[in-house]
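Next comes coords_9.tsv, a file with TSV, C-alpha atoms.
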```tsv
chain	number	residue	atom	x	y	z
A	1363	MET	CA	19.57	74.50	2.19
A	1364	PRO	CA	18.48	71.44	0.21
A	1365	ARG	CA	15.03	70.30	0.85
A	1366	LYS	CA	14.45	66.69	1.85
A	1367	GLU	CA	11.44	65.23	0.26
A	1368	ALA	CA	9.53	62.69	2.18
A	1369	ARG	CA	9.24	59.52	0.15
A	1370	GLU	CA	6.35	57.29	0.76
A	1371	ARG	CA	7.03	53.64	0.36
A	1372	ASN	CA	4.54	51.61	-1.64
A	1373	TRP	CA	3.99	48.39	0.34
A	1374	LEU	CA	1.36	46.94	-1.97
A	1375	PRO	CA	3.71	44.92	-4.28
A	1376	LEU	CA	5.51	43.43	-1.25
A	1377	ALA	CA	2.22	42.47	0.42
A	1378	ILE	CA	0.99	40.81	-2.78
A	1379	ALA	CA	4.25	38.85	-3.17
A	1380	VAL	CA	4.12	37.63	0.45
A	1381	GLY	CA	0.48	36.64	0.02
A	1382	VAL	CA	1.24	34.65	-3.14
A	1383	VAL	CA	4.13	32.82	-1.44
A	1384	VAL	CA	1.93	31.90	1.55
A	1385	VAL	CA	-0.89	30.62	-0.69
A	1386	VAL	CA	1.50	28.53	-2.84
A	1387	ALA	CA	3.19	27.07	0.26
A	1388	ALA	CA	-0.20	26.14	1.76
A	1389	ILE	CA	-1.30	24.44	-1.48
A	1390	VAL	CA	1.95	22.45	-1.68
A	1391	ILE	CA	1.73	21.33	1.97
A	1392	LEU	CA	-1.91	20.28	1.66
A	1393	SER	CA	-1.34	18.36	-1.57
A	1394	LEU	CA	1.65	16.52	-0.06
A	1395	GLN	CA	-0.37	15.56	2.99
A	1396	ARG	CA	-3.23	14.21	0.87
A	1397	GLY	CA	-0.91	12.33	-1.48
A	1398	HIS	CA	1.09	10.69	1.31
A	1399	THR	CA	-0.77	7.59	2.31
A	1400	GLY	CA	2.14	5.49	3.61
A	1401	PRO	CA	2.22	1.73	3.44
A	1402	ALA	CA	-1.06	-0.13	3.81
A	1403	VAL	CA	-1.58	-2.05	7.04
A	1404	THR	CA	-3.54	-5.26	7.53
A	1405	PRO	CA	-4.39	-6.09	11.16
A	1406	VAL	CA	-2.12	-8.80	12.60
A	1407	SER	CA	-5.24	-10.77	13.52
A	1408	ALA	CA	-6.56	-10.77	9.92
A	1409	ALA	CA	-7.22	-14.20	8.47
A	1410	PRO	CA	-5.11	-15.27	5.49
A	1411	ASP	CA	-6.76	-15.65	2.10
A	1412	PRO	CA	-8.41	-19.11	1.76
A	1413	TYR	CA	-6.21	-19.86	-1.28
A	1414	ALA	CA	-3.03	-18.93	0.65
A	1415	ALA	CA	-2.43	-22.55	1.68
A	1416	ASN	CA	-1.80	-23.27	-2.02
A	1417	LEU	CA	0.90	-20.59	-2.28
A	1418	PRO	CA	3.91	-21.68	-0.20
A	1419	ILE	CA	6.80	-19.24	0.06
A	1420	SER	CA	10.37	-20.55	0.13
A	1421	GLY	CA	13.99	-19.55	-0.39
A	1422	LEU	CA	13.86	-16.19	1.36
A	1423	VAL	CA	16.95	-14.00	0.97
A	1424	MET	CA	17.38	-10.50	2.39
A	1425	SER	CA	19.68	-7.71	1.26
A	1426	GLU	CA	20.17	-3.99	1.84
A	1427	SER	CA	21.43	-1.05	-0.13
A	1428	SER	CA	21.76	2.67	0.36
A	1429	ASN	CA	19.63	5.09	-1.57
A	1430	LEU	CA	20.73	8.48	-2.92
A	1431	ALA	CA	19.23	10.26	0.08
A	1432	GLY	CA	21.49	8.33	2.46
A	1433	GLY	CA	18.75	6.01	3.72
A	1434	LYS	CA	18.69	2.26	3.71
A	1435	VAL	CA	16.49	0.13	1.44
A	1436	THR	CA	15.75	-3.47	2.51
A	1437	TYR	CA	14.88	-6.18	-0.01
A	1438	VAL	CA	13.24	-9.54	0.63
A	1439	ASP	CA	13.49	-11.97	-2.28
A	1440	GLY	CA	11.97	-15.43	-2.42
A	1441	THR	CA	10.03	-17.95	-4.45
A	1442	ILE	CA	6.30	-18.60	-4.35
A	1443	SER	CA	4.70	-21.71	-5.83
A	1444	ASN	CA	1.12	-22.38	-6.87
A	1445	THR	CA	0.15	-25.88	-5.68
A	1446	GLY	CA	-3.55	-25.24	-6.26
A	1447	ASN	CA	-5.74	-25.47	-9.34
A	1448	ARG	CA	-6.34	-21.78	-10.10
A	1449	THR	CA	-4.27	-19.27	-12.07
A	1450	VAL	CA	-3.23	-16.40	-9.78
A	1451	SER	CA	-3.14	-12.86	-11.20
A	1452	GLY	CA	-2.55	-10.90	-8.00
A	1453	ILE	CA	-1.07	-11.59	-4.56
A	1454	THR	CA	-1.06	-9.23	-1.59
A	1455	VAL	CA	1.13	-10.11	1.38
A	1456	GLN	CA	1.38	-8.89	4.93
A	1457	VAL	CA	4.96	-8.51	6.17
A	1458	LEU	CA	5.61	-8.47	9.92
A	1459	PHE	CA	8.97	-7.35	11.31
A	1460	ARG	CA	9.44	-8.30	14.96
A	1461	THR	CA	11.47	-7.15	17.95
A	1462	PHE	CA	13.71	-9.38	20.07
A	1463	ALA	CA	10.67	-9.79	22.37
A	1464	LYS	CA	8.75	-11.23	19.34
A	1465	GLU	CA	6.40	-8.24	19.27
A	1466	VAL	CA	5.45	-6.69	15.93
A	1467	THR	CA	7.49	-3.53	15.38
A	1468	GLN	CA	6.46	-2.97	11.75
A	1469	ASN	CA	3.42	-4.24	9.86
A	1470	GLU	CA	3.11	-3.52	6.14
A	1471	THR	CA	0.90	-4.83	3.36
A	1472	HIS	CA	2.34	-4.95	-0.17
A	1473	PRO	CA	1.39	-6.38	-3.55
A	1474	LEU	CA	3.86	-9.10	-4.51
A	1475	GLN	CA	6.07	-8.23	-7.49
A	1476	TRP	CA	7.81	-10.69	-9.78
A	1477	ILE	CA	11.50	-10.40	-10.50
A	1478	ARG	CA	11.44	-9.85	-14.25
A	1479	THR	CA	15.16	-9.53	-14.95
A	1480	ARG	CA	18.37	-9.73	-12.92
A	1481	ASP	CA	20.87	-8.21	-15.38
A	1482	PRO	CA	22.11	-5.51	-15.44
A	1483	TYR	CA	19.97	-4.83	-12.34
A	1484	ILE	CA	16.91	-6.39	-10.76
A	1485	ASP	CA	13.68	-5.20	-12.35
A	1486	VAL	CA	10.22	-6.08	-11.02
A	1487	GLU	CA	6.72	-6.26	-12.47
A	1488	PRO	CA	3.25	-6.90	-11.03
A	1489	VAL	CA	1.94	-10.46	-10.76
A	1490	SER	CA	-0.76	-9.57	-13.29
A	1491	ALA	CA	1.95	-9.15	-15.97
A	1492	ALA	CA	2.70	-12.90	-15.79
A	1493	PRO	CA	-0.05	-14.76	-13.86
A	1494	LEU	CA	1.07	-17.78	-11.82
A	1495	ALA	CA	-0.38	-20.95	-13.35
A	1496	PRO	CA	-1.15	-24.09	-11.32
A	1497	GLY	CA	2.07	-26.03	-10.68
A	1498	ALA	CA	4.30	-23.04	-11.49
A	1499	SER	CA	6.73	-21.09	-9.31
A	1500	HIS	CA	8.09	-17.58	-9.60
A	1501	GLU	CA	10.71	-15.42	-7.87
A	1502	PHE	CA	9.46	-12.28	-6.14
A	1503	ARG	CA	10.87	-9.17	-4.49
A	1504	LEU	CA	9.50	-6.98	-1.70
A	1505	ILE	CA	11.05	-3.54	-1.21
A	1506	PHE	CA	11.06	-1.58	2.07
A	1507	ASP	CA	12.29	2.02	2.12
A	1508	GLY	CA	12.66	1.88	5.87
A	1509	VAL	CA	12.59	-0.75	8.59
A	1510	SER	CA	11.97	0.00	12.26
A	1511	PRO	CA	15.14	0.41	14.34
A	1512	ASP	CA	13.55	-2.00	16.87
A	1513	TRP	CA	13.58	-4.84	14.30
A	1514	ASN	CA	15.53	-7.88	15.51
A	1515	GLY	CA	17.20	-8.47	12.12
A	1516	ALA	CA	15.52	-11.86	11.57
A	1517	TYR	CA	13.53	-12.70	8.45
A	1518	PRO	CA	10.08	-11.11	8.60
A	1519	GLU	CA	6.91	-13.17	8.67
A	1520	ILE	CA	5.19	-13.06	5.27
A	1521	ARG	CA	1.51	-13.99	5.03
A	1522	VAL	CA	-0.66	-14.07	1.90
A	1523	VAL	CA	-3.71	-11.98	2.80
A	1524	HIS	CA	-5.37	-11.56	-0.61
A	1525	VAL	CA	-5.30	-13.52	-3.88
A	1526	ASP	CA	-6.79	-12.60	-7.25
A	1527	SER	CA	-7.36	-15.76	-9.27
A	1528	LYS	CA	-9.30	-17.28	-12.15
```
Would you mind writing the file out in structure tokens?
Amino acid sequence: MPRKEARERNWLPLAIAVGVVVVVAAIVILSLQRGHTGPAVTPVSAAPDPYAANLPISGLVMSESSNLAGGKVTYVDGTISNTGNRTVSGITVQVLFRTFAKEVTQNETHPLQWIRTRDPYIDVEPVSAAPLAPGASHEFRLIFDGVSPDWNGAYPEIRVVHVDSK
């Protein structure tokens, strides 16, 4: 009669592999949480920058496109002029999307970006790459990866909340 030998299973390599996977997963999750800051938010009651009155915004145009992940990207293009006497090297705007009840449904703060080229696609650059001189105007683009489903579809309110100038 053949003899059955009892085989002991060595669980140590499996335990080490599971431990390594758990540690790596924890590191990835923690680093993603720290790195994800989301859009900046300026309180709705915040005062505009004192120089903002010299930077009128006009010619707003909105468009949308789909991204590769199946989401929607919303663009707000426009023109900003410098009617003051200082050269502007940075502009931060607050963008307020509202509901049909005129309540704020989305509040984001973004640095303004110039439209650098339009062909073969629209490319943007920071304001500091081409400061806005007194009397000059420039086209800009704001990009939103997502807009609240409660948004009423109207043009958002754009307020200049910070200006870097010389």
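With distances taken over all atoms listed in the file, A:Val1435 is the one residue among A:Ala1414, A:Ala1379, A:Val1435, A:Val1390 lying closest to Gly1508 (chain A).
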Residue nearest Ser1451 (chain A) among A:Pro1418, A:Pro1405, A:Pro1518, A:Pro1493 (counting only C-alpha atoms): A:Pro1493
Residue with smallest distance to Phe1502 (chain A) - pool A:Asp1526, A:Asp1481, A:Glu1465, A:Asp1439, counting only C-alpha atoms: A:Asp1439
Neighbour residues at most 8 Å from (1.4, -8.8, -13.2) (all atoms listed in the file) as a PDB file with C-alpha atoms, in the frame of the given file:
```pdb
ATOM      1  CA  SER A1451      -3.140 -12.860 -11.200  1.00  0.00           C
ATOM      2  CA  GLY A1452      -2.550 -10.900  -8.000  1.00  0.00           C
ATOM      3  CA  GLN A1475       6.070  -8.230  -7.490  1.00  0.00           C
ATOM      4  CA  TRP A1476       7.810 -10.690  -9.780  1.00  0.00           C
ATOM      5  CA  GLU A1487       6.720  -6.260 -12.470  1.00  0.00           C
ATOM      6  CA  PRO A1488       3.250  -6.900 -11.030  1.00  0.00           C
ATOM      7  CA  VAL A1489       1.940 -10.460 -10.760  1.00  0.00           C
ATOM      8  CA  SER A1490      -0.760  -9.570 -13.290  1.00  0.00           C
ATOM      9  CA  ALA A1491       1.950  -9.150 -15.970  1.00  0.00           C
ATOM     10  CA  ALA A1492       2.700 -12.900 -15.790  1.00  0.00           C
ATOM     11  CA  PRO A1493      -0.050 -14.760 -13.860  1.00  0.00           C
TER      12      PRO A1493
END
```
For region 1428-1432 of chain A, take all atoms listed in the file, fit an axis-aligned box around them, add 5 Å to each of the six sides, then output centre and edge lengths in Å rounded to one decimal, as lines of an AutoDock Vina configuration file.
```
center_x = 20.5
center_y = 6.5
center_z = -0.2
size_x = 12.5
size_y = 17.6
size_z = 15.4
```
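Rounded to one decimal, CA of Val1383 (chain A) and CA of Arg1371 (chain A) lie 21.1 Å from each other.
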